[in-house]
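Below: the structure, in structure tokens.
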Amino acid sequence: MMKKNKNKKRTNKIILFIKALARLIDKKIINPITKFILILSEKMGSRTDKFERWLVRKNTLIFISLVLAIVAFIIVDNKSIVLVDSYAEVLHEQKVEAIYNTETYVVEGLPETADVTLIGRKVDMYLAKQLSKGTVSVDISNLESGTHKVSLNYESVVDSLDYNVSPSTVTIIIYPKVSSTKNATIDIINKETLNTKLSISNVSIDQEEIIIKGAEHTIKEVATVRALVDISKLVDPEVGVTTLENVPLIAYDTNGKTVDVEMVPSKVNATINIDSPSKEVPIKVVPTGEVQFGKAISSIASTESKVIIYGSEDTLSKIEYLPIEIDVSNLSSNKVYNVSLTAPQGVRDLSVKNTKVTVTLGEETTKEIKDVMIETTNLDPNYKAAAIGSSSIKTTVIVKGTKEVLDTIDETKIKAIVDLSGYKEGDHEVTITVTGDDVKATYTAKTTKIKIRISKK
């Protein structure tokens with residue numbers, strides 16, 4: 001019906017144009033020719049009789065009519081092409097708007113966008129695009145729950161254009177809308193964008209109980225609702241309390257996929273507590289390898305003796321010093337090392353990143369420390385260990401270093417240890433490891449292995 005009305009309007013426009021064209025021909029062609037003939041007749045005088053007789057001849061009139069008809073045909077043909085020539089243009093991804101009671105129903109199967117093909121004159125299409133692209137709509141306000149096939153309509157601001165919508169019809173399912181409540185959990189994302197000296201101690205949201213709405217089968221899919229607190233959206237965060245507004249809420253199923261449901265509220269505000277836990281600890285240089293035979297380390301000096309470490313309170317409480325290793329294998333003379341400090345696991349930042357370590361060598365001497373008790377470690381708590389023989393209770397420790405170092409060695413800090421990790425019931429031969437608090441000296445047990453018996457408690 002709509003197309004018939006448009007065709008009728010187009011026909012009327014053509015008729016009006018032809019009438020206007022006829023008036024134009026009469027005014028611009030017929031009347032000027034008639035006036036020209038009258039003027040010519042007056043000037044020719046007696047010779048006008050012959051001209052008049054020629055003009056009134058049947059063949060002459062037919063010839064003039066034919067010429068005028070051809071001219072009129074060409075003009076009308078060109079104008080009509082302009083009037084009736086049609087063009088097509090596609091408007092992609094036009095938003096689809098559905099009209100229905102959103103508080104009562106949920107609609108599935110309705111596309112978010114549709115393509116619209118406009119057909120008509122270029123000038124009309126240009127006007128339509130300038131004024132508005134129009135909207136694709138579907139009115140389902142009179143439909144109830146169930147499956148329905150509906151048509152998509154395009155509302156254009158220019159009536160002279162035809163259109164086709166793709167898809168033109170869709171099958172939708174209307175469900176009654178139900179609701180449920182979920183407690184929102186907090187996910188902190190983009191924490192790495194925060195200054196490494198800062199940390200998030202606590203995050204809370206202003207509303208934890210969230211109402212979710214949707215079709216019953218969709219509501220059942222929701223396992224969790226999470227508030228995504230994006231730390232990267234904080235502007236110049238500092239130690240203290242800050243608020244992040246409009247934090248989005250996302251519903252997830254048990255597989256971690258998002259579920260499309262309505263949530264009330266759809267966004268929340270988050271209160272973020274920012275602090276900067278830190279601790280100052282000494283830098284401890286640990287040499288690895290052995291210097292050249294006959295030499296020993298007499299002193300180790302670092303340009304940086306302490307460092308402030310940043311991390312969680314729990315991590316900081318377990319760190320007493322920051323170890324840095326230097327390789328002294330086959331070292332034969334004094335040397336300065338440029339060392340980059342490495343943060344231990346759990347430490348986010350260091351106040352010092354580099355240091356210079358100077359190692360000074362001297363002549364090696366040896367000292368024996370007798371009757372160092374042998375200790376066990378890492379034994380399964382369901383077992384107990386006993387030494388087999390008196391030689392497995394104590395050992396003699398050989399300490400090597402310069403005379404100045406050995407003279408200051410604290411013998412009470414020397415430990416002889418056997419690691420019983422993984423050992424079960426029975427007799428075992430295990431290796432002794434010796435440690436001391438002065439890293440400039442080296443420590444070895446004179447008896448490298450002992451026998452022990454492990455039994456159940």
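Identifiers in the structure tokens: chain A, B, ... in order shown; residue index from 1 per chain; ligand index from 1 in order shown.
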
Original post:
Which residues, written as a list in words, have at least one atom at most 8 Å from segment 448-456 of chain A, with only C-alpha atoms counted and residues fewer than 3 positions away on the same chain left out?
Top reply: Asn382, Tyr383, Lys384, Ala385, Ala386, Ala387, Ile388, Gly389, Ser391, Ser392, Tyr423, Lys424, Glu425, Gly426, Asp427, His428, Glu429, Val430, Thr431, Ile432, Thr433, Thr444 and Ala445 of chain A

Just write the chosen residues, C-alpha atoms, as a short mmCIF file (atom, residue, chain, number, x, y, z; two decimals), in the first residue's frame.
data_model
loop_
_atom_site.label_atom_id
_atom_site.label_comp_id
_atom_site.auth_asym_id
_atom_site.auth_seq_id
_atom_site.Cartn_x
_atom_site.Cartn_y
_atom_site.Cartn_z
CA ASN A 382 56.42 -38.08 62.78
CA TYR A 383 60.02 -39.28 63.08
CA LYS A 384 63.02 -38.85 65.38
CA ALA A 385 66.75 -39.05 64.56
CA ALA A 386 69.69 -40.37 66.60
CA ALA A 387 73.40 -40.38 65.83
CA ILE A 388 75.09 -43.77 65.33
CA GLY A 389 78.38 -43.63 67.21
CA SER A 391 81.72 -39.45 65.96
CA SER A 392 78.32 -38.57 64.59
CA TYR A 423 64.34 -39.23 54.83
CA LYS A 424 62.20 -42.03 56.26
CA GLU A 425 62.66 -44.77 58.88
CA GLY A 426 66.04 -46.58 58.81
CA ASP A 427 69.81 -46.01 58.95
CA HIS A 428 71.26 -43.31 56.68
CA GLU A 429 74.58 -41.70 55.84
CA VAL A 430 74.13 -37.95 55.45
CA THR A 431 76.35 -34.98 54.49
CA ILE A 432 77.33 -32.24 56.93
CA THR A 433 76.96 -28.60 55.88
CA THR A 444 84.16 -27.06 56.02
CA ALA A 445 83.62 -30.03 58.32
#

Original post:
Residues at most 10 Å from Ser276 of chain A, counting only C-alpha atoms, excluding those fewer than 6 positions away in the same chain, as a list in words?
Top reply: Asn195, Thr196, Lys197, Leu198, Ser199, Ile200, Ser201, Glu238, Val239, Gly240, Tyr310, Gly311, Ser312 and Glu313 of chain A

Just-selected residues, N, CA and C atoms written as a PDB file, in the first residue's frame:
ATOM      1  N   ASN A 195      52.033   2.967  41.415  1.00  0.00           N
ATOM      2  CA  ASN A 195      53.424   3.209  41.795  1.00  0.00           C
ATOM      3  C   ASN A 195      53.922   2.046  42.650  1.00  0.00           C
ATOM      4  N   THR A 196      55.096   1.522  42.313  1.00  0.00           N
ATOM      5  CA  THR A 196      55.605   0.327  42.998  1.00  0.00           C
ATOM      6  C   THR A 196      55.832   0.532  44.488  1.00  0.00           C
ATOM      7  N   LYS A 197      55.951   1.780  44.925  1.00  0.00           N
ATOM      8  CA  LYS A 197      56.130   2.038  46.357  1.00  0.00           C
ATOM      9  C   LYS A 197      54.791   2.027  47.103  1.00  0.00           C
ATOM     10  N   LEU A 198      53.673   1.994  46.362  1.00  0.00           N
ATOM     11  CA  LEU A 198      52.343   2.000  46.969  1.00  0.00           C
ATOM     12  C   LEU A 198      51.713   0.614  46.885  1.00  0.00           C
ATOM     13  N   SER A 199      50.759   0.370  47.762  1.00  0.00           N
ATOM     14  CA  SER A 199      50.030  -0.898  47.731  1.00  0.00           C
ATOM     15  C   SER A 199      48.584  -0.659  48.160  1.00  0.00           C
ATOM     16  N   ILE A 200      47.724  -1.560  47.721  1.00  0.00           N
ATOM     17  CA  ILE A 200      46.300  -1.497  48.075  1.00  0.00           C
ATOM     18  C   ILE A 200      46.093  -2.348  49.321  1.00  0.00           C
ATOM     19  N   SER A 201      45.721  -1.707  50.424  1.00  0.00           N
ATOM     20  CA  SER A 201      45.518  -2.461  51.665  1.00  0.00           C
ATOM     21  C   SER A 201      44.080  -2.935  51.815  1.00  0.00           C
ATOM     22  N   GLU A 238      47.784   8.548  45.917  1.00  0.00           N
ATOM     23  CA  GLU A 238      48.721   8.778  47.011  1.00  0.00           C
ATOM     24  C   GLU A 238      48.288   7.963  48.214  1.00  0.00           C
ATOM     25  N   VAL A 239      49.151   7.934  49.218  1.00  0.00           N
ATOM     26  CA  VAL A 239      48.823   7.223  50.457  1.00  0.00           C
ATOM     27  C   VAL A 239      47.601   7.881  51.092  1.00  0.00           C
ATOM     28  N   GLY A 240      46.641   7.051  51.457  1.00  0.00           N
ATOM     29  CA  GLY A 240      45.402   7.557  52.047  1.00  0.00           C
ATOM     30  C   GLY A 240      44.195   6.831  51.483  1.00  0.00           C
ATOM     31  N   TYR A 310      60.065  -2.218  49.733  1.00  0.00           N
ATOM     32  CA  TYR A 310      58.625  -1.946  49.745  1.00  0.00           C
ATOM     33  C   TYR A 310      57.863  -3.220  49.358  1.00  0.00           C
ATOM     34  N   GLY A 311      56.854  -3.537  50.156  1.00  0.00           N
ATOM     35  CA  GLY A 311      56.051  -4.725  49.894  1.00  0.00           C
ATOM     36  C   GLY A 311      54.959  -4.847  50.931  1.00  0.00           C
ATOM     37  N   SER A 312      54.300  -5.995  50.959  1.00  0.00           N
ATOM     38  CA  SER A 312      53.251  -6.213  51.954  1.00  0.00           C
ATOM     39  C   SER A 312      53.877  -6.384  53.335  1.00  0.00           C
ATOM     40  N   GLU A 313      53.068  -6.126  54.363  1.00  0.00           N
ATOM     41  CA  GLU A 313      53.559  -6.262  55.744  1.00  0.00           C
ATOM     42  C   GLU A 313      54.047  -7.677  56.005  1.00  0.00           C
TER      43      GLU A 313
END

**OP:** Write down as a VMD selection string the residues belonging to segment 263-359 of chain A that are assigned strand (DSSP E or B) by DSSP computed on the backbone.
**Re:** chain A and resid 263 to 264 267 to 275 278 to 288 295 to 302 306 to 311 322 to 327 335 to 340 347 to 350 354 to 359

How would the residues just picked look written out with C-alpha atoms as a PDB file, in the first residue's frame?
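Generated output (out.pdb):
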ATOM      1  CA  MET A 263      21.642  -5.262  37.317  1.00  0.00           C
ATOM      2  CA  VAL A 264      20.381  -2.751  39.843  1.00  0.00           C
ATOM      3  CA  LYS A 267      27.533   0.538  38.792  1.00  0.00           C
ATOM      4  CA  VAL A 268      28.894   1.142  42.293  1.00  0.00           C
ATOM      5  CA  ASN A 269      31.451   3.379  43.997  1.00  0.00           C
ATOM      6  CA  ALA A 270      34.624   1.869  45.475  1.00  0.00           C
ATOM      7  CA  THR A 271      36.585   3.130  48.482  1.00  0.00           C
ATOM      8  CA  ILE A 272      40.293   2.311  48.132  1.00  0.00           C
ATOM      9  CA  ASN A 273      42.827   2.404  50.982  1.00  0.00           C
ATOM     10  CA  ILE A 274      46.350   3.026  49.716  1.00  0.00           C
ATOM     11  CA  ASP A 275      49.426   2.669  51.906  1.00  0.00           C
ATOM     12  CA  SER A 278      58.421  -0.276  53.891  1.00  0.00           C
ATOM     13  CA  LYS A 279      61.357  -1.558  55.911  1.00  0.00           C
ATOM     14  CA  GLU A 280      65.046  -0.658  56.055  1.00  0.00           C
ATOM     15  CA  VAL A 281      67.345  -3.682  55.982  1.00  0.00           C
ATOM     16  CA  PRO A 282      71.136  -4.087  55.673  1.00  0.00           C
ATOM     17  CA  ILE A 283      72.763  -5.156  52.415  1.00  0.00           C
ATOM     18  CA  LYS A 284      74.698  -8.390  52.845  1.00  0.00           C
ATOM     19  CA  VAL A 285      77.324  -9.212  50.226  1.00  0.00           C
ATOM     20  CA  VAL A 286      77.676 -12.981  49.669  1.00  0.00           C
ATOM     21  CA  PRO A 287      80.760 -14.081  47.698  1.00  0.00           C
ATOM     22  CA  THR A 288      80.404 -17.229  45.580  1.00  0.00           C
ATOM     23  CA  LYS A 295      94.486 -16.088  48.951  1.00  0.00           C
ATOM     24  CA  ALA A 296      91.538 -15.129  51.146  1.00  0.00           C
ATOM     25  CA  ILE A 297      89.121 -12.207  51.413  1.00  0.00           C
ATOM     26  CA  SER A 298      90.253  -9.741  54.035  1.00  0.00           C
ATOM     27  CA  SER A 299      87.459  -7.197  53.557  1.00  0.00           C
ATOM     28  CA  ILE A 300      84.241  -6.569  51.611  1.00  0.00           C
ATOM     29  CA  ALA A 301      82.941  -3.003  51.403  1.00  0.00           C
ATOM     30  CA  SER A 302      79.743  -1.808  49.713  1.00  0.00           C
ATOM     31  CA  LYS A 306      71.289  -0.334  53.727  1.00  0.00           C
ATOM     32  CA  VAL A 307      68.229  -0.333  51.498  1.00  0.00           C
ATOM     33  CA  ILE A 308      64.523   0.440  51.990  1.00  0.00           C
ATOM     34  CA  ILE A 309      62.323  -2.332  50.635  1.00  0.00           C
ATOM     35  CA  TYR A 310      58.625  -1.946  49.745  1.00  0.00           C
ATOM     36  CA  GLY A 311      56.051  -4.725  49.894  1.00  0.00           C
ATOM     37  CA  LEU A 322      69.058  -8.078  51.277  1.00  0.00           C
ATOM     38  CA  PRO A 323      71.633 -10.555  49.915  1.00  0.00           C
ATOM     39  CA  ILE A 324      73.667  -9.712  46.805  1.00  0.00           C
ATOM     40  CA  GLU A 325      76.035 -12.236  45.269  1.00  0.00           C
ATOM     41  CA  ILE A 326      79.424 -11.569  43.679  1.00  0.00           C
ATOM     42  CA  ASP A 327      81.522 -14.181  41.885  1.00  0.00           C
ATOM     43  CA  LYS A 335      88.556  -5.807  42.598  1.00  0.00           C
ATOM     44  CA  VAL A 336      85.581  -3.428  42.445  1.00  0.00           C
ATOM     45  CA  TYR A 337      82.214  -4.904  41.353  1.00  0.00           C
ATOM     46  CA  ASN A 338      79.277  -2.911  39.951  1.00  0.00           C
ATOM     47  CA  VAL A 339      76.240  -4.764  41.251  1.00  0.00           C
ATOM     48  CA  SER A 340      72.536  -4.362  40.402  1.00  0.00           C
ATOM     49  CA  VAL A 347      59.164  -7.034  47.269  1.00  0.00           C
ATOM     50  CA  ARG A 348      57.768  -4.443  44.827  1.00  0.00           C
ATOM     51  CA  ASP A 349      60.507  -1.819  44.919  1.00  0.00           C
ATOM     52  CA  LEU A 350      63.892  -0.866  46.375  1.00  0.00           C
ATOM     53  CA  ASN A 354      72.834  -0.277  42.307  1.00  0.00           C
ATOM     54  CA  THR A 355      75.942  -0.418  44.497  1.00  0.00           C
ATOM     55  CA  LYS A 356      79.726  -0.813  44.176  1.00  0.00           C
ATOM     56  CA  VAL A 357      81.410  -3.621  46.113  1.00  0.00           C
ATOM     57  CA  THR A 358      85.172  -3.557  46.772  1.00  0.00           C
ATOM     58  CA  VAL A 359      86.814  -6.879  47.578  1.00  0.00           C
TER      59      VAL A 359
END

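The environment of Gly362 of chain A within 12 Å, counting only C-alpha atoms and disregarding residues fewer than 2 places along the same chain, consists of Val291, Gln292, Phe293, Gly294, Lys295, Ala296, Ile297, Ser298, Ser299, Ile300, Leu331, Ser332, Ser333, Asn334, Val359, Thr360, Glu364, Thr365, Lys400, Gly401, Thr402, Lys403, Glu404, Val405, Lys440 and Ala441 of chain A.
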
May I have a table of the residues of segment 320-397 of chain A lying at most 6 Å from segment 419-422 of chain A, giving each one's closest pair of atoms and their distance in Å to one decimal, counting only C-alpha atoms, ordered by chain and ascending residue number, as a Markdown table?
| residue | atom | partner | partner_atom | distance |
| --- | --- | --- | --- | --- |
| A:Thr377 | CA | A:Asp419 | CA | 5.1 |
| A:Asn378 | CA | A:Ser421 | CA | 5.1 |
| A:Leu379 | CA | A:Leu420 | CA | 5.0 |

Dump C-alpha atoms for the selected residues as an mmCIF file, in the first residue's frame?
data_model
loop_
_atom_site.group_PDB
_atom_site.id
_atom_site.type_symbol
_atom_site.label_atom_id
_atom_site.label_comp_id
_atom_site.auth_asym_id
_atom_site.auth_seq_id
_atom_site.Cartn_x
_atom_site.Cartn_y
_atom_site.Cartn_z
ATOM 1 C CA THR A 377 66.832 -29.958 60.215
ATOM 2 C CA ASN A 378 63.722 -30.566 58.090
ATOM 3 C CA LEU A 379 62.945 -33.979 59.630
#

Original post:
Mind checking DSSP for segment 317-453 of chain A and telling me the helix (DSSP H, G or I) residues as a PyMOL selection string?
Top reply: chain A and resi 317+390-392+403-407+411-413

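Relative to atom CA of Thr181 of chain A, atom CA of Ile211 of chain A is found at 4.4 Å.
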
Original post:
Leaving out Ala114 of chain A and any residue of its chain fewer than 2 positions from it, which residues lie within 12 Å of it when counting only C-alpha atoms, given as a PyMOL selection string?
Top reply: chain A and resi 90-97+110-112+116-117+134-138+151-154+164-170

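Checking A:Asp260, A:Asp410, A:Glu89, A:Glu192 one by one against Val107 of chain A, counting only C-alpha atoms, you find the shortest gap at A:Asp260.
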